[in-house]
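Chemist: One file is attached below, final07.csv, containing CSV, C-alpha atoms and all ligand atoms.
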chain,number,residue,atom,x,y,z
A,151,MET,CA,-98.8,61.4,182.5
A,152,SER,CA,-100.4,60.3,179.2
A,153,VAL,CA,-98.7,61.3,176.0
A,154,PRO,CA,-100.9,61.7,172.9
A,155,LEU,CA,-99.3,61.2,169.5
A,156,LEU,CA,-100.6,64.7,168.6
A,157,ASP,CA,-102.3,67.3,170.7
A,158,LEU,CA,-103.5,70.4,168.8
A,159,THR,CA,-105.2,72.0,171.8
A,160,ALA,CA,-101.8,73.2,173.3
A,161,GLN,CA,-101.0,75.0,170.1
A,162,TYR,CA,-104.4,76.6,169.9
A,163,ALA,CA,-104.1,77.8,173.5
A,164,SER,CA,-100.7,79.4,172.8
A,165,ILE,CA,-102.1,81.6,170.0
A,166,ARG,CA,-105.8,81.7,170.8
A,167,ASP,CA,-106.2,85.5,170.8
A,168,GLU,CA,-104.5,85.9,167.4
A,169,LEU,CA,-106.6,83.1,165.9
A,170,ASP,CA,-109.9,84.2,167.4
A,171,GLU,CA,-109.4,87.7,166.1
A,172,ALA,CA,-108.6,86.5,162.6
A,173,VAL,CA,-111.6,84.3,162.5
A,174,ALA,CA,-113.9,87.0,163.8
A,175,LYS,CA,-112.7,89.3,161.1
A,176,VAL,CA,-113.7,86.9,158.4
A,177,VAL,CA,-117.1,86.3,160.0
A,178,GLU,CA,-117.6,90.0,160.2
A,179,SER,CA,-116.8,90.4,156.5
A,180,GLN,CA,-119.1,87.5,155.4
A,181,TYR,CA,-116.7,86.8,152.6
A,182,PHE,CA,-116.1,83.1,152.9
A,183,VAL,CA,-114.8,81.5,149.6
A,184,LEU,CA,-111.5,82.7,147.9
A,185,GLY,CA,-111.4,86.5,148.0
A,186,PRO,CA,-109.0,88.9,149.7
A,187,GLU,CA,-108.1,86.8,152.7
A,188,VAL,CA,-107.1,83.8,150.4
A,189,GLU,CA,-105.2,86.1,148.1
A,190,ALA,CA,-103.2,87.6,151.0
A,191,PHE,CA,-102.4,84.1,152.2
A,192,GLU,CA,-101.4,83.0,148.7
A,193,ALA,CA,-99.0,85.9,148.5
A,194,GLU,CA,-97.5,85.3,151.9
A,195,MET,CA,-97.0,81.6,151.2
A,196,ALA,CA,-95.3,82.4,147.8
A,197,GLU,CA,-93.0,84.8,149.6
A,198,TYR,CA,-92.3,82.3,152.4
A,199,LEU,CA,-91.4,79.5,150.0
A,200,GLY,CA,-89.6,81.8,147.5
A,201,VAL,CA,-91.9,80.7,144.6
A,202,LYS,CA,-93.7,82.9,142.1
A,203,HIS,CA,-97.2,81.5,142.4
A,204,ALA,CA,-99.3,79.9,145.1
A,205,VAL,CA,-102.8,78.7,144.3
A,206,GLY,CA,-105.0,77.7,147.2
A,207,CYS,CA,-107.4,74.8,146.8
A,208,ALA,CA,-109.7,72.6,148.9
A,209,SER,CA,-107.2,69.9,150.1
A,210,GLY,CA,-103.8,68.4,149.6
A,211,THR,CA,-105.5,65.6,147.6
A,212,ASP,CA,-106.8,68.2,145.2
A,213,ALA,CA,-103.4,69.9,145.1
A,214,LEU,CA,-102.2,66.6,143.6
A,215,LEU,CA,-105.3,66.0,141.4
A,216,LEU,CA,-105.5,69.4,139.7
A,217,PRO,CA,-102.0,69.5,138.3
A,218,LEU,CA,-102.5,66.0,137.0
A,219,MET,CA,-105.7,67.1,135.3
A,220,ALA,CA,-103.9,70.2,134.0
A,221,LEU,CA,-101.2,68.1,132.4
A,222,GLU,CA,-103.8,66.9,129.8
A,223,ALA,CA,-101.8,63.8,129.1
A,224,GLU,CA,-103.2,61.0,127.0
A,225,PRO,CA,-105.7,59.0,129.2
A,226,CYS,CA,-104.3,56.0,131.0
A,227,SER,CA,-100.7,57.3,130.9
A,228,ASP,CA,-98.3,56.0,133.6
A,229,VAL,CA,-97.4,58.2,136.6
A,230,ILE,CA,-94.7,56.9,139.0
A,231,VAL,CA,-95.5,57.2,142.7
A,232,PRO,CA,-93.9,55.6,145.7
A,233,SER,CA,-95.9,52.7,147.2
A,234,PHE,CA,-94.8,53.9,150.7
A,235,THR,CA,-96.9,57.1,151.1
A,236,PHE,CA,-100.3,58.3,152.1
A,237,PHE,CA,-103.1,57.0,149.8
A,238,ALA,CA,-103.8,60.4,148.2
A,239,THR,CA,-100.6,60.4,146.2
A,240,ALA,CA,-101.8,57.4,144.2
A,241,GLY,CA,-105.5,58.1,144.4
A,242,ALA,CA,-105.0,61.5,142.6
A,243,VAL,CA,-103.3,59.7,139.7
A,244,TRP,CA,-106.1,57.2,139.5
A,245,ASN,CA,-108.8,60.0,139.6
A,246,ALA,CA,-107.0,62.0,136.9
A,247,GLY,CA,-107.5,58.9,134.7
A,248,HIS,CA,-104.0,57.6,134.8
A,249,ARG,CA,-102.3,54.5,136.0
A,250,PRO,CA,-100.2,54.7,139.2
A,251,VAL,CA,-96.9,52.8,138.7
A,252,PHE,CA,-95.5,52.1,142.1
A,253,CYS,CA,-91.8,52.4,143.0
A,254,ASP,CA,-89.8,51.5,146.0
A,255,VAL,CA,-88.1,53.9,148.5
A,256,ASP,CA,-84.7,54.2,150.1
A,257,PRO,CA,-85.3,52.4,153.5
A,258,GLU,CA,-82.9,54.9,155.2
A,259,THR,CA,-84.8,58.1,154.3
A,260,PHE,CA,-88.3,56.6,153.4
A,261,ASN,CA,-88.1,58.6,150.1
A,262,VAL,CA,-87.9,57.8,146.4
A,263,THR,CA,-84.6,58.4,144.7
A,264,ALA,CA,-83.6,58.7,141.0
A,265,GLU,CA,-82.7,55.0,141.2
A,266,THR,CA,-86.0,53.8,142.6
A,267,LEU,CA,-87.9,55.9,140.1
A,268,GLU,CA,-85.8,54.7,137.2
A,269,ALA,CA,-86.4,51.1,138.2
A,270,ALA,CA,-90.1,51.6,137.7
A,271,TRP,CA,-89.9,53.6,134.5
A,272,THR,CA,-92.2,52.5,131.6
A,273,ASP,CA,-92.4,53.8,128.1
A,274,ARG,CA,-95.8,55.3,128.9
A,275,THR,CA,-94.5,57.4,131.9
A,276,VAL,CA,-95.5,61.0,131.6
A,277,ALA,CA,-95.0,62.2,135.2
A,278,VAL,CA,-93.4,61.3,138.5
A,279,VAL,CA,-94.6,62.3,142.0
A,280,PRO,CA,-91.8,62.3,144.5
A,281,VAL,CA,-93.1,62.5,148.1
A,282,HIS,CA,-91.2,64.3,150.8
A,283,LEU,CA,-92.2,61.8,153.4
A,284,PHE,CA,-92.4,62.6,157.2
A,285,GLY,CA,-90.9,66.1,156.5
A,286,GLN,CA,-87.7,65.4,154.7
A,287,MET,CA,-87.1,66.2,151.1
A,288,ALA,CA,-86.4,63.5,148.5
A,289,PRO,CA,-83.1,64.1,146.6
A,290,MET,CA,-84.6,66.5,144.0
A,291,ASP,CA,-81.4,67.2,142.1
A,292,GLU,CA,-81.0,63.7,140.8
A,293,ILE,CA,-84.8,63.3,140.4
A,294,MET,CA,-85.0,66.5,138.3
A,295,GLU,CA,-82.1,65.3,136.2
A,296,LEU,CA,-83.7,62.0,135.5
A,297,ALA,CA,-87.1,63.5,134.7
A,298,ARG,CA,-85.8,66.3,132.5
A,299,ASP,CA,-83.7,63.7,130.6
A,300,ARG,CA,-86.8,61.7,129.9
A,301,GLY,CA,-89.3,64.6,129.5
A,302,ALA,CA,-91.5,63.7,132.4
A,303,PHE,CA,-93.5,66.2,134.5
A,304,VAL,CA,-92.5,66.5,138.2
A,305,LEU,CA,-95.2,67.0,140.8
A,306,GLU,CA,-93.8,67.2,144.3
A,307,ASP,CA,-96.0,65.9,147.1
A,308,ALA,CA,-94.9,68.3,149.8
A,309,ALA,CA,-98.0,67.7,152.0
A,310,GLN,CA,-95.9,66.6,155.0
A,311,ALA,CA,-92.9,68.8,154.3
A,312,ILE,CA,-93.9,72.5,154.3
A,313,GLY,CA,-90.8,74.5,155.1
A,314,ALA,CA,-88.4,71.6,154.5
A,315,ASP,CA,-85.4,72.8,152.7
A,316,SER,CA,-82.3,71.4,150.8
A,317,PRO,CA,-79.6,72.8,148.7
A,318,ASP,CA,-81.9,72.2,145.7
A,319,GLY,CA,-84.6,74.6,147.1
A,320,SER,CA,-87.5,74.3,149.5
A,321,ALA,CA,-90.1,71.5,149.4
A,322,GLY,CA,-92.6,72.0,146.6
A,323,THR,CA,-90.6,74.6,144.7
A,324,VAL,CA,-88.1,72.5,142.8
A,325,GLY,CA,-90.4,70.4,140.5
A,326,ASP,CA,-92.9,71.8,138.0
A,327,VAL,CA,-95.6,72.0,140.6
A,328,GLY,CA,-95.6,71.4,144.3
A,329,ALA,CA,-98.6,70.2,146.4
A,330,LEU,CA,-99.2,71.3,150.0
A,331,SER,CA,-101.8,70.2,152.5
A,332,PHE,CA,-103.2,72.1,155.4
A,333,PHE,CA,-105.0,69.2,157.0
A,334,PRO,CA,-105.0,69.8,160.7
A,335,THR,CA,-102.3,67.2,161.5
A,336,LYS,CA,-99.8,68.7,159.0
A,337,ASN,CA,-97.1,71.1,160.2
A,338,LEU,CA,-99.2,74.0,159.0
A,339,GLY,CA,-102.7,72.9,159.8
A,340,GLY,CA,-106.0,74.7,159.3
A,341,PHE,CA,-109.3,74.3,161.1
A,342,GLY,CA,-110.5,71.9,158.4
A,343,ASP,CA,-109.3,70.9,155.0
A,344,GLY,CA,-107.2,73.0,152.7
A,345,GLY,CA,-104.4,72.7,150.2
A,346,MET,CA,-102.2,74.7,147.8
A,347,MET,CA,-100.3,74.3,144.5
A,348,VAL,CA,-97.1,76.2,144.0
A,349,THR,CA,-95.2,76.9,140.8
A,350,ASP,CA,-92.8,79.3,139.2
A,351,ASP,CA,-94.5,78.9,135.8
A,352,ASP,CA,-97.0,81.6,134.9
A,353,ALA,CA,-99.0,79.5,132.5
A,354,TRP,CA,-99.3,76.6,134.9
A,355,ALA,CA,-100.5,79.0,137.7
A,356,GLN,CA,-103.2,80.4,135.4
A,357,LYS,CA,-104.4,76.9,134.4
A,358,LEU,CA,-104.5,75.7,138.0
A,359,GLY,CA,-106.4,78.8,139.0
A,360,LYS,CA,-109.0,78.1,136.4
A,361,LEU,CA,-109.3,74.4,137.2
A,362,ARG,CA,-110.2,75.1,140.9
A,363,VAL,CA,-113.2,77.1,139.7
A,364,HIS,CA,-114.7,74.8,137.1
A,365,GLY,CA,-112.2,75.7,134.4
A,366,GLY,CA,-113.0,79.3,133.7
A,367,ARG,CA,-111.6,82.7,134.7
A,368,GLN,CA,-114.9,84.4,133.8
A,369,MET,CA,-118.0,83.1,135.5
A,370,TYR,CA,-120.2,80.9,133.2
A,371,HIS,CA,-117.5,80.7,130.5
A,372,HIS,CA,-115.6,77.4,130.7
A,373,GLU,CA,-112.4,76.7,128.7
A,374,MET,CA,-111.7,73.4,130.5
A,375,VAL,CA,-113.6,71.0,132.7
A,376,GLY,CA,-112.4,71.8,136.2
A,377,THR,CA,-114.0,71.2,139.5
A,378,ASN,CA,-114.9,73.0,142.7
A,379,SER,CA,-111.7,73.1,144.7
A,380,ARG,CA,-111.5,76.5,146.5
A,381,LEU,CA,-109.8,77.5,149.7
A,382,ASP,CA,-112.1,79.1,152.3
A,383,ALA,CA,-111.4,82.5,153.7
A,384,LEU,CA,-111.7,81.1,157.3
A,385,GLN,CA,-108.9,78.6,156.6
A,386,ALA,CA,-106.8,81.3,155.0
A,387,ALA,CA,-107.2,83.6,158.0
A,388,VAL,CA,-106.2,80.8,160.4
A,389,LEU,CA,-103.3,79.7,158.2
A,390,ARG,CA,-102.0,83.3,157.9
A,391,VAL,CA,-101.7,83.5,161.7
A,392,LYS,CA,-100.1,80.1,162.0
A,393,LEU,CA,-97.6,80.7,159.1
A,394,ARG,CA,-96.0,83.4,161.3
A,395,HIS,CA,-95.2,80.7,163.9
A,396,LEU,CA,-94.3,77.9,161.5
A,397,ASP,CA,-90.5,78.2,161.7
A,398,ASP,CA,-90.5,78.3,165.5
A,399,TRP,CA,-92.7,75.1,165.5
A,400,ALA,CA,-90.4,73.4,163.0
A,401,ALA,CA,-87.4,74.3,165.1
A,402,GLN,CA,-89.1,72.8,168.1
A,403,ARG,CA,-89.9,69.6,166.2
A,404,GLY,CA,-86.2,69.5,165.2
A,405,GLU,CA,-85.1,69.9,168.9
A,406,ASN,CA,-87.5,67.1,169.9
A,407,ALA,CA,-86.0,64.8,167.2
A,408,CYS,CA,-82.6,65.7,168.4
A,409,ALA,CA,-83.6,64.8,172.0
A,410,TYR,CA,-85.0,61.5,170.9
A,411,HIS,CA,-81.8,60.8,169.1
A,412,GLY,CA,-79.8,61.3,172.2
A,413,LEU,CA,-82.1,59.2,174.3
A,414,LEU,CA,-82.6,56.3,171.9
A,415,SER,CA,-79.2,56.0,170.2
A,416,GLY,CA,-77.7,52.6,170.8
A,417,VAL,CA,-81.0,50.9,171.8
A,418,ASP,CA,-80.8,47.4,170.4
A,419,GLY,CA,-83.9,46.8,168.3
A,420,VAL,CA,-84.6,50.3,167.0
A,421,GLU,CA,-83.2,52.2,164.0
A,422,LEU,CA,-83.5,55.9,164.3
A,423,PRO,CA,-84.6,58.2,161.4
A,424,VAL,CA,-81.8,59.6,159.3
A,425,ALA,CA,-81.7,63.2,158.1
A,426,ARG,CA,-79.6,63.6,154.9
A,427,ASP,CA,-76.6,66.0,155.2
A,428,GLY,CA,-77.4,69.6,154.5
A,429,VAL,CA,-81.2,69.3,154.5
A,430,ARG,CA,-83.7,70.9,156.9
A,431,HIS,CA,-86.0,68.1,158.1
A,432,VAL,CA,-89.3,69.4,159.5
A,433,TYR,CA,-90.4,66.2,161.2
A,434,ASN,CA,-94.1,66.0,160.5
A,435,GLN,CA,-93.5,62.5,161.9
A,436,TYR,CA,-90.6,61.0,163.9
A,437,THR,CA,-90.5,57.5,162.6
A,438,LEU,CA,-88.4,54.6,163.8
A,439,LYS,CA,-87.9,51.2,162.4
A,440,ALA,CA,-88.5,48.8,165.3
A,441,ASP,CA,-88.2,45.1,166.0
A,442,ARG,CA,-91.4,43.6,167.4
A,443,ARG,CA,-93.2,46.8,166.3
A,444,ASP,CA,-96.7,45.7,167.2
A,445,GLU,CA,-95.8,44.5,170.6
A,446,LEU,CA,-94.0,47.8,171.2
A,447,ARG,CA,-97.1,49.8,170.2
A,448,GLU,CA,-99.2,47.8,172.7
A,449,PHE,CA,-96.6,48.3,175.4
A,450,LEU,CA,-96.6,52.0,174.8
A,451,ALA,CA,-100.4,52.2,174.7
A,452,GLY,CA,-100.3,50.4,178.1
A,453,GLU,CA,-98.1,53.3,179.4
A,454,GLY,CA,-100.6,55.8,178.0
A,455,ILE,CA,-98.3,56.7,175.1
A,456,GLY,CA,-99.8,57.3,171.7
A,457,SER,CA,-98.0,56.1,168.5
A,458,GLY,CA,-98.9,55.7,164.9
A,459,VAL,CA,-98.1,53.4,162.0
A,460,TYR,CA,-97.5,55.3,158.7
A,461,TYR,CA,-98.1,53.1,156.7
A,462,PRO,CA,-99.2,49.6,157.6
A,463,VAL,CA,-100.2,48.5,154.0
A,464,PRO,CA,-98.2,49.4,150.9
A,465,LEU,CA,-100.2,51.0,148.2
A,466,HIS,CA,-99.3,48.4,145.6
A,467,ARG,CA,-101.1,45.8,147.9
A,468,GLN,CA,-104.3,47.8,148.4
A,469,ALA,CA,-107.5,46.1,147.3
A,470,CYS,CA,-108.5,49.0,145.1
A,471,PHE,CA,-105.4,48.6,143.0
A,472,GLU,CA,-105.7,44.8,142.6
A,473,SER,CA,-106.3,45.2,138.9
A,474,LEU,CA,-102.9,46.7,138.4
A,475,GLY,CA,-101.5,43.2,139.1
A,476,TYR,CA,-98.9,43.8,141.8
A,477,GLN,CA,-97.8,40.9,144.0
A,478,GLN,CA,-96.3,40.6,147.5
A,479,GLY,CA,-92.5,40.8,147.0
A,480,ASP,CA,-92.7,43.3,144.1
A,481,LEU,CA,-91.4,46.2,146.3
A,482,PRO,CA,-89.5,44.5,149.1
A,483,GLY,CA,-88.1,47.7,150.6
A,484,THR,CA,-91.5,49.2,151.1
A,485,GLU,CA,-93.0,45.9,152.3
A,486,ALA,CA,-90.3,45.6,155.0
A,487,LEU,CA,-90.9,49.2,156.1
A,488,CYS,CA,-94.7,48.6,156.5
A,489,ASP,CA,-93.9,45.9,159.1
A,490,ARG,CA,-91.4,47.9,161.1
A,491,VAL,CA,-92.3,51.6,161.2
A,492,ILE,CA,-93.7,53.3,164.2
A,493,SER,CA,-94.1,57.1,164.7
A,494,LEU,CA,-93.7,58.8,168.1
A,495,PRO,CA,-95.1,62.0,169.5
A,496,ILE,CA,-93.1,64.9,168.1
A,497,PHE,CA,-95.5,67.9,168.1
A,498,PRO,CA,-93.8,71.2,169.1
A,499,GLU,CA,-95.5,71.5,172.5
A,500,LEU,CA,-94.6,68.0,173.6
A,501,GLY,CA,-92.0,69.2,176.2
A,502,GLY,CA,-88.9,67.5,177.5
A,503,GLU,CA,-90.6,65.6,180.4
A,504,ARG,CA,-93.1,63.8,178.2
A,505,LEU,CA,-90.5,63.2,175.6
A,506,GLU,CA,-88.2,61.5,178.2
A,507,GLN,CA,-91.2,59.4,179.3
A,508,VAL,CA,-91.7,58.1,175.8
A,509,ALA,CA,-87.9,57.4,175.3
A,510,ASP,CA,-87.7,55.6,178.7
A,511,ALA,CA,-90.7,53.4,178.0
A,512,ILE,CA,-89.0,52.4,174.7
A,513,ARG,CA,-85.7,51.7,176.5
A,514,ARG,CA,-87.5,49.6,179.1
A,515,PHE,CA,-89.3,47.6,176.4
A,516,TYR,CA,-86.0,46.6,174.8
A,517,GLY,CA,-84.4,45.9,178.2
A,518,GLU,CA,-82.1,48.9,178.4
A,519,PRO,CA,-81.6,50.9,181.6
A,520,ALA,CA,-83.4,54.2,181.8
A,521,SER,CA,-81.5,57.2,180.4
A,522,GLU,CA,-79.6,59.4,182.9
A,601,LIG,C1,-101.9,64.5,153.9
A,601,LIG,C2,-101.3,64.0,152.7
A,601,LIG,C3,-101.9,64.2,151.4
A,601,LIG,C4,-103.3,64.7,151.3
A,601,LIG,O1,-103.7,65.9,151.9
A,601,LIG,P1,-105.2,66.2,152.3
A,601,LIG,O2,-105.1,67.6,152.6
A,601,LIG,O3,-105.5,65.3,153.5
A,601,LIG,O4,-106.1,65.8,151.2
A,601,LIG,C5,-101.2,63.8,150.3
A,601,LIG,N1,-100.0,63.3,150.4
A,601,LIG,C6,-99.4,63.1,151.5
A,601,LIG,C7,-98.0,62.5,151.6
A,601,LIG,C8,-100.0,63.4,152.7
A,601,LIG,O5,-99.4,63.2,153.9
Could you show the structure in this file as structure tokens?
Modeler:
Amino acid sequence: MSVPLLDLTAQYASIRDELDEAVAKVVESQYFVLGPEVEAFEAEMAEYLGVKHAVGCASGTDALLLPLMALEAEPCSDVIVPSFTFFATAGAVWNAGHRPVFCDVDPETFNVTAETLEAAWTDRTVAVVPVHLFGQMAPMDEIMELARDRGAFVLEDAAQAIGADSPDGSAGTVGDVGALSFFPTKNLGGFGDGGMMVTDDDAWAQKLGKLRVHGGRQMYHHEMVGTNSRLDALQAAVLRVKLRHLDDWAAQRGENACAYHGLLSGVDGVELPVARDGVRHVYNQYTLKADRRDELREFLAGEGIGSGVYYPVPLHRQACFESLGYQQGDLPGTEALCDRVISLPIFPELGGERLEQVADAIRRFYGEPASE
């Protein structure tokens, strides 16, 4: 049986009637951009996350870009981001006219900490963007303390961590603004691109709401230069249906992670992901650190098993950021991770049989006997 890294068709099949009905309703209304469906989804997301405002936009990338535009910091200020993340985290900083300053991550959790952020601090730092990578929150308590102490804005990149929780609050709701993505591969994925910005601050919500429609509340009156970054009603309708299932799916991802943990513990050559005590990890990815990673991937591919490498090249070594002057060796933790990480199928509908098949293949690769 082949095992894809991600299969969205199984999820669609399980809620097809609900989704088809929601989509048909929007088509019938012919109201396609923002409007009542989007407003209803924003209210439901705000309620789900326990945050005051949720502002839909066109993508997770824009959910990072718009708050950085709204910050109105002096051009070319420094914004600290992890080097071990999806490109958009740093791309948004660049496109907002600022300089991404890359920091390292804790190799256990793949996340920034107050310590790694502090090590990258400059006197031009105006903001930090902690990323909740793979579905686990970065330690927001210590990050907020550091940022408040130094007067920096905190933008949480919660694109991979919708529904993740910690004693500090849920992902996206602890910093000044949180960014969510509804790209189809995220835990809450639409039928296309979509994103959302969440905040408890009334003034920030107002400003972000303007920026997504060219900087004005009233048509043809522009107080700021914004952009077109609106959420579609069709996406909102799909996401409203899926939001009702999100916690069940997250629980299933958690069970899959737990099963992998049981089957792969003690295999010489792999290090399993670590969930911090007291946090709810939502496992957008289940990511191992593996010896002979590339060989393992080839072996798995030969067995019909999909895997992914997030991320093979650290952002501080990307060609487009060459002018920033980073060298190999500048962020050793991140560089080591890029050579060792591999993500396994973890989607909710994976099922025990296929999961065991993946685990057994990995055990075989490292010369361990099959699990019981
Ligand atoms: C997916 C992702 C984004 C960007 O989201 P899009 O909706 O694809 O624009 C940003 N940051 C991280 C960490 C992501 O995984």
Chemist: Under the rule that only C-alpha atoms and all ligand atoms are counted, which of A:Leu158, A:Ile165, A:Leu330, A:Cys253 is the nearest residue to ligand LIG 601 (chain A)?
Modeler: A:Leu330
Chemist: Write out as number ranges by chain each polymer residue (protein, DNA or RNA) that has an atom no more than 8 Å from ligand LIG 601 (chain A), with all atoms listed in the file counted.
Modeler: A: 208-214, 235-239, 281-284, 307-310, 329-333, 336, 343-345
Chemist: Those selected residues, please, written with C-alpha atoms and delivered as a JSON list (two decimals), in the coordinates of the input.
Modeler:
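Okay, again-v2.json is ready:
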[["chain", "number", "residue", "atom", "x", "y", "z"],
["A", 208, "ALA", "CA", -109.70, 72.60, 148.90],
["A", 209, "SER", "CA", -107.20, 69.90, 150.10],
["A", 210, "GLY", "CA", -103.80, 68.40, 149.60],
["A", 211, "THR", "CA", -105.50, 65.60, 147.60],
["A", 212, "ASP", "CA", -106.80, 68.20, 145.20],
["A", 213, "ALA", "CA", -103.40, 69.90, 145.10],
["A", 214, "LEU", "CA", -102.20, 66.60, 143.60],
["A", 235, "THR", "CA", -96.90, 57.10, 151.10],
["A", 236, "PHE", "CA", -100.30, 58.30, 152.10],
["A", 237, "PHE", "CA", -103.10, 57.00, 149.80],
["A", 238, "ALA", "CA", -103.80, 60.40, 148.20],
["A", 239, "THR", "CA", -100.60, 60.40, 146.20],
["A", 281, "VAL", "CA", -93.10, 62.50, 148.10],
["A", 282, "HIS", "CA", -91.20, 64.30, 150.80],
["A", 283, "LEU", "CA", -92.20, 61.80, 153.40],
["A", 284, "PHE", "CA", -92.40, 62.60, 157.20],
["A", 307, "ASP", "CA", -96.00, 65.90, 147.10],
["A", 308, "ALA", "CA", -94.90, 68.30, 149.80],
["A", 309, "ALA", "CA", -98.00, 67.70, 152.00],
["A", 310, "GLN", "CA", -95.90, 66.60, 155.00],
["A", 329, "ALA", "CA", -98.60, 70.20, 146.40],
["A", 330, "LEU", "CA", -99.20, 71.30, 150.00],
["A", 331, "SER", "CA", -101.80, 70.20, 152.50],
["A", 332, "PHE", "CA", -103.20, 72.10, 155.40],
["A", 333, "PHE", "CA", -105.00, 69.20, 157.00],
["A", 336, "LYS", "CA", -99.80, 68.70, 159.00],
["A", 343, "ASP", "CA", -109.30, 70.90, 155.00],
["A", 344, "GLY", "CA", -107.20, 73.00, 152.70],
["A", 345, "GLY", "CA", -104.40, 72.70, 150.20]]
Chemist: Under the rule that only C-alpha atoms are counted, which of A:Leu169, A:Ile496, A:Val276, A:Ala270 is the nearest residue to Leu393 in chain A?
Modeler: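 Among the listed residues, the smallest separation from Leu393 in chain A belongs to A:Leu169.
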Chemist: Residues of range 288-399 of chain A within 10 Å of range 182-199 of chain A: nearest atom pair and distance (Å, one decimal) for each, counting all atoms listed in the file, sorted by chain and number, as CSV?
Modeler:
residue,atom,partner,partner_atom,distance
A:Ile312,CA,A:Leu199,CA,8.6
A:Gly313,CA,A:Leu199,CA,7.2
A:Ala314,CA,A:Leu199,CA,9.6
A:Asp315,CA,A:Leu199,CA,9.4
A:Gly319,CA,A:Leu199,CA,8.9
A:Ser320,CA,A:Leu199,CA,6.5
A:Ala321,CA,A:Leu199,CA,8.1
A:Gly322,CA,A:Leu199,CA,8.3
A:Thr323,CA,A:Leu199,CA,7.3
A:Met346,CA,A:Glu192,CA,8.4
A:Met347,CA,A:Glu192,CA,9.7
A:Val348,CA,A:Ala196,CA,7.5
A:Thr349,CA,A:Ala196,CA,8.9
A:Asp350,CA,A:Ala196,CA,9.5
A:Arg380,CA,A:Leu184,CA,6.4
A:Leu381,CA,A:Leu184,CA,5.8
A:Asp382,CA,A:Val183,CA,4.5
A:Ala383,CA,A:Phe182,CA,4.8
A:Leu384,CA,A:Phe182,CA,6.5
A:Gln385,CA,A:Val188,CA,8.3
A:Ala386,CA,A:Val188,CA,5.2
A:Ala387,CA,A:Glu187,CA,6.3
A:Val388,CA,A:Phe191,CA,9.6
A:Leu389,CA,A:Phe191,CA,7.5
A:Arg390,CA,A:Phe191,CA,5.8
A:Val391,CA,A:Phe191,CA,9.5
A:Leu393,CA,A:Met195,CA,8.0
A:Arg394,CA,A:Tyr198,CA,9.7
Chemist: So, counting all atoms listed in the file, which residue among A:Ala511, A:Cys408, A:Ala204, A:Val251 is closest to Tyr436 in chain A?
Modeler: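 For Tyr436 in chain A, the nearest of the candidates is A:Cys408.
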Chemist: What are the nearest atom pairs, with distances in Å to one decimal, for all residues of range 158-243 of chain A that come at most 10 Å from range 352-372 of chain A, using only C-alpha atoms, set out by chain and rising residue number as JSON lines?
Modeler:
{"residue": "A:Lys202", "atom": "CA", "partner": "A:Asp352", "partner_atom": "CA", "distance": 8.0}
{"residue": "A:His203", "atom": "CA", "partner": "A:Ala355", "partner_atom": "CA", "distance": 6.3}
{"residue": "A:Ala204", "atom": "CA", "partner": "A:Ala355", "partner_atom": "CA", "distance": 7.6}
{"residue": "A:Val205", "atom": "CA", "partner": "A:Gly359", "partner_atom": "CA", "distance": 6.4}
{"residue": "A:Gly206", "atom": "CA", "partner": "A:Gly359", "partner_atom": "CA", "distance": 8.4}
{"residue": "A:Cys207", "atom": "CA", "partner": "A:Arg362", "partner_atom": "CA", "distance": 6.5}
{"residue": "A:Ala208", "atom": "CA", "partner": "A:Arg362", "partner_atom": "CA", "distance": 8.4}
{"residue": "A:Asp212", "atom": "CA", "partner": "A:Arg362", "partner_atom": "CA", "distance": 8.8}
{"residue": "A:Ala213", "atom": "CA", "partner": "A:Leu358", "partner_atom": "CA", "distance": 9.2}
{"residue": "A:Leu216", "atom": "CA", "partner": "A:Leu358", "partner_atom": "CA", "distance": 6.6}
{"residue": "A:Pro217", "atom": "CA", "partner": "A:Leu358", "partner_atom": "CA", "distance": 6.7}
{"residue": "A:Leu218", "atom": "CA", "partner": "A:Leu358", "partner_atom": "CA", "distance": 10.0}
{"residue": "A:Met219", "atom": "CA", "partner": "A:Leu361", "partner_atom": "CA", "distance": 8.4}
{"residue": "A:Ala220", "atom": "CA", "partner": "A:Lys357", "partner_atom": "CA", "distance": 6.7}
{"residue": "A:Leu221", "atom": "CA", "partner": "A:Trp354", "partner_atom": "CA", "distance": 9.1}
Chemist: If you measure from CA of Leu474 in chain A to CA of Pro232 in chain A, what distance in Å do you get, rounded to one decimal?
Modeler: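 Straight-line distance from CA of Leu474 in chain A to CA of Pro232 in chain A works out to 14.6 Å.
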Chemist: For range 292-297 of chain A, find every residue with an atom within 8 Å (counting all atoms listed in the file), except residues of its own chain fewer than 4 positions away, and show them as a PyMOL selection string.
Modeler: chain A and resi 263-264+268+278+301-304+325
Chemist: Could you check how far CA of Pro250 in chain A sits from CA of Ser493 in chain A, in Å to one decimal?
Modeler: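 It comes out at 26.3 Å.
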Chemist: Could you tell me how far CA of Ser233 in chain A sits from CA of Thr272 in chain A, in Å to one decimal place?
Modeler: 16.0 Å
Chemist: Taking only C-alpha atoms into account, name the residue in A:Phe471, A:Glu499, A:Ala223, A:Gly339 that is nearest to Ala163 in chain A.
Modeler: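 Of the candidates, the smallest distance to Ala163 in chain A is held by A:Glu499.
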Chemist: Near range 226-228 of chain A, within 6 Å and counting only C-alpha atoms, which residues show up once chain neighbours fewer than 3 positions away are dropped, as JSON, numbers by chain?
Modeler: {"A": [247, 248, 249, 274, 275]}
Chemist: With a distance cut-off of 6 Å and all atoms listed in the file, select the neighbouring residues of range 482-491 of chain A, excluding the residue or stretch itself and same-chain residues fewer than 5 positions from it, and output the selection as a compact mmCIF listing (two decimals) with C-alpha atoms, keeping the file's coordinate frame.
Modeler:
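Output file result.txt follows:
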# COMPACT_ATOMS: atom_id res chain seq x y z
CA PHE A 234 -94.80 53.90 150.70
CA ASP A 254 -89.80 51.50 146.00
CA LEU A 438 -88.40 54.60 163.80
CA LYS A 439 -87.90 51.20 162.40
CA ALA A 440 -88.50 48.80 165.30
CA ARG A 443 -93.20 46.80 166.30
CA TYR A 461 -98.10 53.10 156.70
CA PRO A 462 -99.20 49.60 157.60
